[in-house]
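**Q** Attaching a single structure in structure tokens format; questions to follow.
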Amino acid sequence: MSLQGSLFGQDNNQKQEISLENGLLEYYPQFFTPTDSDRIFQQLISTITWKQESMRMYGREVLFPRLMAWYGDANSSYSFSGNTFEPLLWTAELLLIRDRVAAAAGTTFNSVLLNYYRSGNDSMGWHADDEPELGINPVIASVNMGATRRFLLRHRHHKNLKYEIALEHGSLLLMKGQLQHFWEHQVPKTAKPVGPRINLTFRYIYP
């Protein structure tokens, strides 16, 4: 059996297309099978080099409320929140996940940002993936493993335009079109009991 076949079994690739003003979402609720998702989740926890990074805010260093890791090609450094991240070399498993996600997205990716939400206290604030090195209308692929968390979007110019989706274990969300230029997104904290979650966002960085 090939490595591809041994890592990924059969899945439900039923796609849900969600058209938003100035953007498009494509959601695959069961892109990976439950068995594969469980295995990948545990392997990522134990094999990824996790760090709690910090950013400068109001004159002091503030820790990001989650653990992070950046992997990719040698020329795929990435800057956000006042930090520049140099990529670690791809692991074999990350490459397999990347290639499968790229096939669904119809594009290529040279890097991935991993976020590890240890509990409901970990979160991601409002932002857009619109850094210049991502180019015009970037395709961002978001793979989700572990606990289901709320994913919120809001339009930058039309405050009444909002959208929410629950990102499930083993799911894939593709953000396409002009979405990053017109919408912001976040993963809010929650007081409800919730387990850990890992999110992988694949992207293409232009040198």
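Labels used: A, B, ... for chains in the order of the structure tokens, numbers from 1 for residues in each chain, and numbers from 1 for ligands as shown.
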Please produce, as CSV, a per-residue contact table for region 74-164 of chain A versus region 190-206 of chain A (criterion: any atom at most 12 Å away, only C-alpha atoms considered), showing the nearest atom pair and its distance in Å to one decimal, sorted by chain then residue number.
**A**
residue,atom,partner,partner_atom,distance
A:Ala74,CA,A:Ile205,CA,10.7
A:Asn75,CA,A:Ile205,CA,8.1
A:Ser76,CA,A:Ile205,CA,5.5
A:Ser77,CA,A:Ile205,CA,7.6
A:Tyr78,CA,A:Ile205,CA,7.4
A:Ser79,CA,A:Ile205,CA,10.4
A:Phe85,CA,A:Ile205,CA,12.0
A:Glu86,CA,A:Ile205,CA,11.8
A:Pro87,CA,A:Ile205,CA,11.2
A:Leu94,CA,A:Leu200,CA,9.5
A:Leu95,CA,A:Phe202,CA,10.8
A:Ile97,CA,A:Leu200,CA,9.7
A:Arg98,CA,A:Phe202,CA,7.2
A:Asp99,CA,A:Phe202,CA,10.3
A:Arg100,CA,A:Phe202,CA,11.3
A:Val101,CA,A:Phe202,CA,8.4
A:Ala102,CA,A:Phe202,CA,8.6
A:Ala105,CA,A:Phe202,CA,10.3
A:Thr107,CA,A:Tyr204,CA,9.0
A:Thr108,CA,A:Tyr204,CA,6.9
A:Phe109,CA,A:Tyr204,CA,4.6
A:Asn110,CA,A:Tyr204,CA,5.1
A:Ser111,CA,A:Arg203,CA,5.7
A:Val112,CA,A:Phe202,CA,4.3
A:Leu113,CA,A:Thr201,CA,5.3
A:Leu114,CA,A:Leu200,CA,4.5
A:Asn115,CA,A:Asn199,CA,5.2
A:Tyr116,CA,A:Ile198,CA,4.6
A:Tyr117,CA,A:Arg197,CA,5.0
A:Arg118,CA,A:Pro196,CA,4.5
A:Ser119,CA,A:Pro196,CA,5.2
A:Gly120,CA,A:Thr190,CA,4.9
A:Asn121,CA,A:Thr190,CA,6.5
A:Asp122,CA,A:Thr190,CA,8.5
A:Ser123,CA,A:Thr190,CA,8.5
A:Met124,CA,A:Asn199,CA,10.9
A:Asp129,CA,A:Arg203,CA,9.4
A:Asp130,CA,A:Arg203,CA,11.1
A:Glu131,CA,A:Ile205,CA,9.5
A:Pro132,CA,A:Tyr206,CA,8.5
A:Glu133,CA,A:Tyr206,CA,5.1
A:Leu134,CA,A:Ile205,CA,5.2
A:Gly135,CA,A:Tyr206,CA,7.0
A:Ile136,CA,A:Tyr206,CA,10.6
A:Asn137,CA,A:Tyr204,CA,11.2
A:Pro138,CA,A:Arg203,CA,7.6
A:Val139,CA,A:Arg203,CA,6.7
A:Ile140,CA,A:Arg203,CA,5.3
A:Ala141,CA,A:Phe202,CA,5.0
A:Ser142,CA,A:Thr201,CA,4.4
A:Val143,CA,A:Leu200,CA,5.0
A:Asn144,CA,A:Asn199,CA,4.7
A:Met145,CA,A:Ile198,CA,5.1
A:Gly146,CA,A:Arg197,CA,4.3
A:Ala147,CA,A:Arg197,CA,5.0
A:Thr148,CA,A:Arg197,CA,7.4
A:Arg149,CA,A:Arg197,CA,8.0
A:Arg150,CA,A:Thr190,CA,9.0
A:Phe151,CA,A:Asn199,CA,11.4
**Q** Taking the chain letters and numbering used in this document, name the residues of region 101-150 of chain A that DSSP puts in alpha helix (DSSP H), as a CSV table (one decimal) with C-alpha atoms, in the first residue's frame.
**A**
chain,number,residue,atom,x,y,z
A,101,VAL,CA,-5.6,20.0,-0.2
A,102,ALA,CA,-4.0,21.6,-3.2
A,103,ALA,CA,-5.7,19.2,-5.5
A,104,ALA,CA,-9.1,20.2,-4.0
A,105,ALA,CA,-8.3,23.9,-4.2
**Q** Take CA of His169 (chain A) and CA of Phe32 (chain A) and report the distance between them in Å, one decimal.
**A**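 Separating CA of His169 (chain A) from CA of Phe32 (chain A) is a distance of 8.4 Å.
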**Q** So which one's closest to Arg154 (chain A), A:Thr33, A:Thr84, A:Gln186, A:Gln14? Using only C-alpha atoms, please.
**A**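 Using only C-alpha atoms, the shortest distance to Arg154 (chain A) belongs to A:Gln186.
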**Q** What does the distance from CA of Tyr163 (chain A) to CA of His185 (chain A) come to in Å, to one decimal?
**A**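 Going from CA of Tyr163 (chain A) over to CA of His185 (chain A) covers 9.3 Å.
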**Q** With only C-alpha atoms as the atoms that count, which of A:Gly125, A:Gln43, A:Gly106, A:Leu67 lies nearest to Thr91 (chain A)?
**A**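 For Thr91 (chain A), the nearest of the candidates is A:Gln43.
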**Q** Show which residues sit within 12 Å of Leu153 (chain A), as a VMD selection string. Count only C-alpha atoms, and ignore same-chain residues fewer than 2 positions away.
**A** chain A and resid 20 to 21 23 to 25 125 to 128 150 to 151 155 to 156 158 to 166 175 179 to 180 182 to 188
**Q** Mind dumping the selected residues with N, CA and C atoms as a compact mmCIF listing (two decimals), in the first residue's frame?
**A**
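For reference, part.txt as written:
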# COMPACT_ATOMS: atom_id res chain seq x y z
N LEU A 20 -20.47 34.82 -0.90
CA LEU A 20 -20.60 36.03 -0.12
C LEU A 20 -20.35 37.24 -1.02
N GLU A 21 -20.82 38.38 -0.63
CA GLU A 21 -20.49 39.58 -1.38
C GLU A 21 -18.97 39.78 -1.32
N GLY A 23 -16.64 37.66 -2.23
CA GLY A 23 -15.86 36.51 -1.78
C GLY A 23 -16.61 35.20 -1.92
N LEU A 24 -15.85 34.10 -1.79
CA LEU A 24 -16.43 32.77 -1.92
C LEU A 24 -15.79 31.84 -0.89
N LEU A 25 -16.64 31.03 -0.25
CA LEU A 25 -16.18 29.96 0.63
C LEU A 25 -16.57 28.63 0.03
N GLY A 125 -7.83 36.66 16.89
CA GLY A 125 -8.58 37.90 16.76
C GLY A 125 -8.93 38.22 15.32
N TRP A 126 -9.69 39.31 15.15
CA TRP A 126 -10.10 39.73 13.81
C TRP A 126 -8.89 40.09 12.96
N HIS A 127 -8.85 39.56 11.74
CA HIS A 127 -7.77 39.84 10.81
C HIS A 127 -8.17 39.35 9.42
N ALA A 128 -7.37 39.72 8.43
CA ALA A 128 -7.50 39.17 7.08
C ALA A 128 -6.13 38.72 6.62
N ARG A 150 -16.15 27.91 16.45
CA ARG A 150 -16.86 28.89 15.62
C ARG A 150 -15.85 29.69 14.80
N PHE A 151 -16.17 29.90 13.52
CA PHE A 151 -15.37 30.70 12.62
C PHE A 151 -16.26 31.84 12.13
N HIS A 155 -17.78 41.72 7.00
CA HIS A 155 -17.35 42.54 5.86
C HIS A 155 -16.74 43.84 6.39
N ARG A 156 -15.67 44.27 5.76
CA ARG A 156 -14.96 45.45 6.23
C ARG A 156 -15.75 46.73 6.04
N HIS A 158 -19.31 46.84 4.93
CA HIS A 158 -20.75 46.70 5.21
C HIS A 158 -20.90 45.94 6.52
N LYS A 159 -21.01 46.67 7.62
CA LYS A 159 -20.96 46.06 8.95
C LYS A 159 -22.12 45.11 9.22
N ASN A 160 -23.19 45.22 8.42
CA ASN A 160 -24.32 44.31 8.61
C ASN A 160 -24.09 42.95 7.95
N LEU A 161 -23.04 42.82 7.15
CA LEU A 161 -22.74 41.56 6.48
C LEU A 161 -21.82 40.73 7.36
N LYS A 162 -22.37 39.63 7.88
CA LYS A 162 -21.61 38.73 8.75
C LYS A 162 -21.93 37.29 8.36
N TYR A 163 -21.02 36.39 8.69
CA TYR A 163 -21.26 34.98 8.43
C TYR A 163 -20.55 34.17 9.49
N GLU A 164 -21.14 33.02 9.82
CA GLU A 164 -20.55 32.13 10.82
C GLU A 164 -20.65 30.70 10.34
N ILE A 165 -19.58 29.94 10.59
CA ILE A 165 -19.57 28.52 10.25
C ILE A 165 -18.84 27.76 11.35
N ALA A 166 -19.33 26.59 11.69
CA ALA A 166 -18.69 25.74 12.68
C ALA A 166 -17.72 24.81 11.96
N MET A 175 -11.00 29.60 1.19
CA MET A 175 -11.39 31.01 1.07
C MET A 175 -10.84 31.52 -0.24
N LEU A 179 -12.19 37.62 -1.13
CA LEU A 179 -12.59 37.53 0.28
C LEU A 179 -11.60 38.20 1.23
N GLN A 180 -10.29 37.95 1.05
CA GLN A 180 -9.30 38.48 2.00
C GLN A 180 -9.19 40.00 1.93
N PHE A 182 -11.85 42.02 1.40
CA PHE A 182 -13.09 42.65 1.83
C PHE A 182 -13.64 42.11 3.14
N TRP A 183 -13.13 40.97 3.61
CA TRP A 183 -13.66 40.35 4.82
C TRP A 183 -12.55 40.11 5.84
N GLU A 184 -12.91 40.17 7.11
CA GLU A 184 -12.05 39.75 8.20
C GLU A 184 -12.64 38.50 8.84
N HIS A 185 -11.81 37.72 9.52
CA HIS A 185 -12.31 36.53 10.18
C HIS A 185 -11.63 36.35 11.54
N GLN A 186 -12.26 35.55 12.39
CA GLN A 186 -11.69 35.28 13.71
C GLN A 186 -12.21 33.95 14.25
N VAL A 187 -11.49 33.43 15.25
CA VAL A 187 -11.93 32.29 16.05
C VAL A 187 -12.01 32.81 17.49
N PRO A 188 -13.22 33.09 18.01
CA PRO A 188 -13.33 33.72 19.33
C PRO A 188 -13.12 32.72 20.47
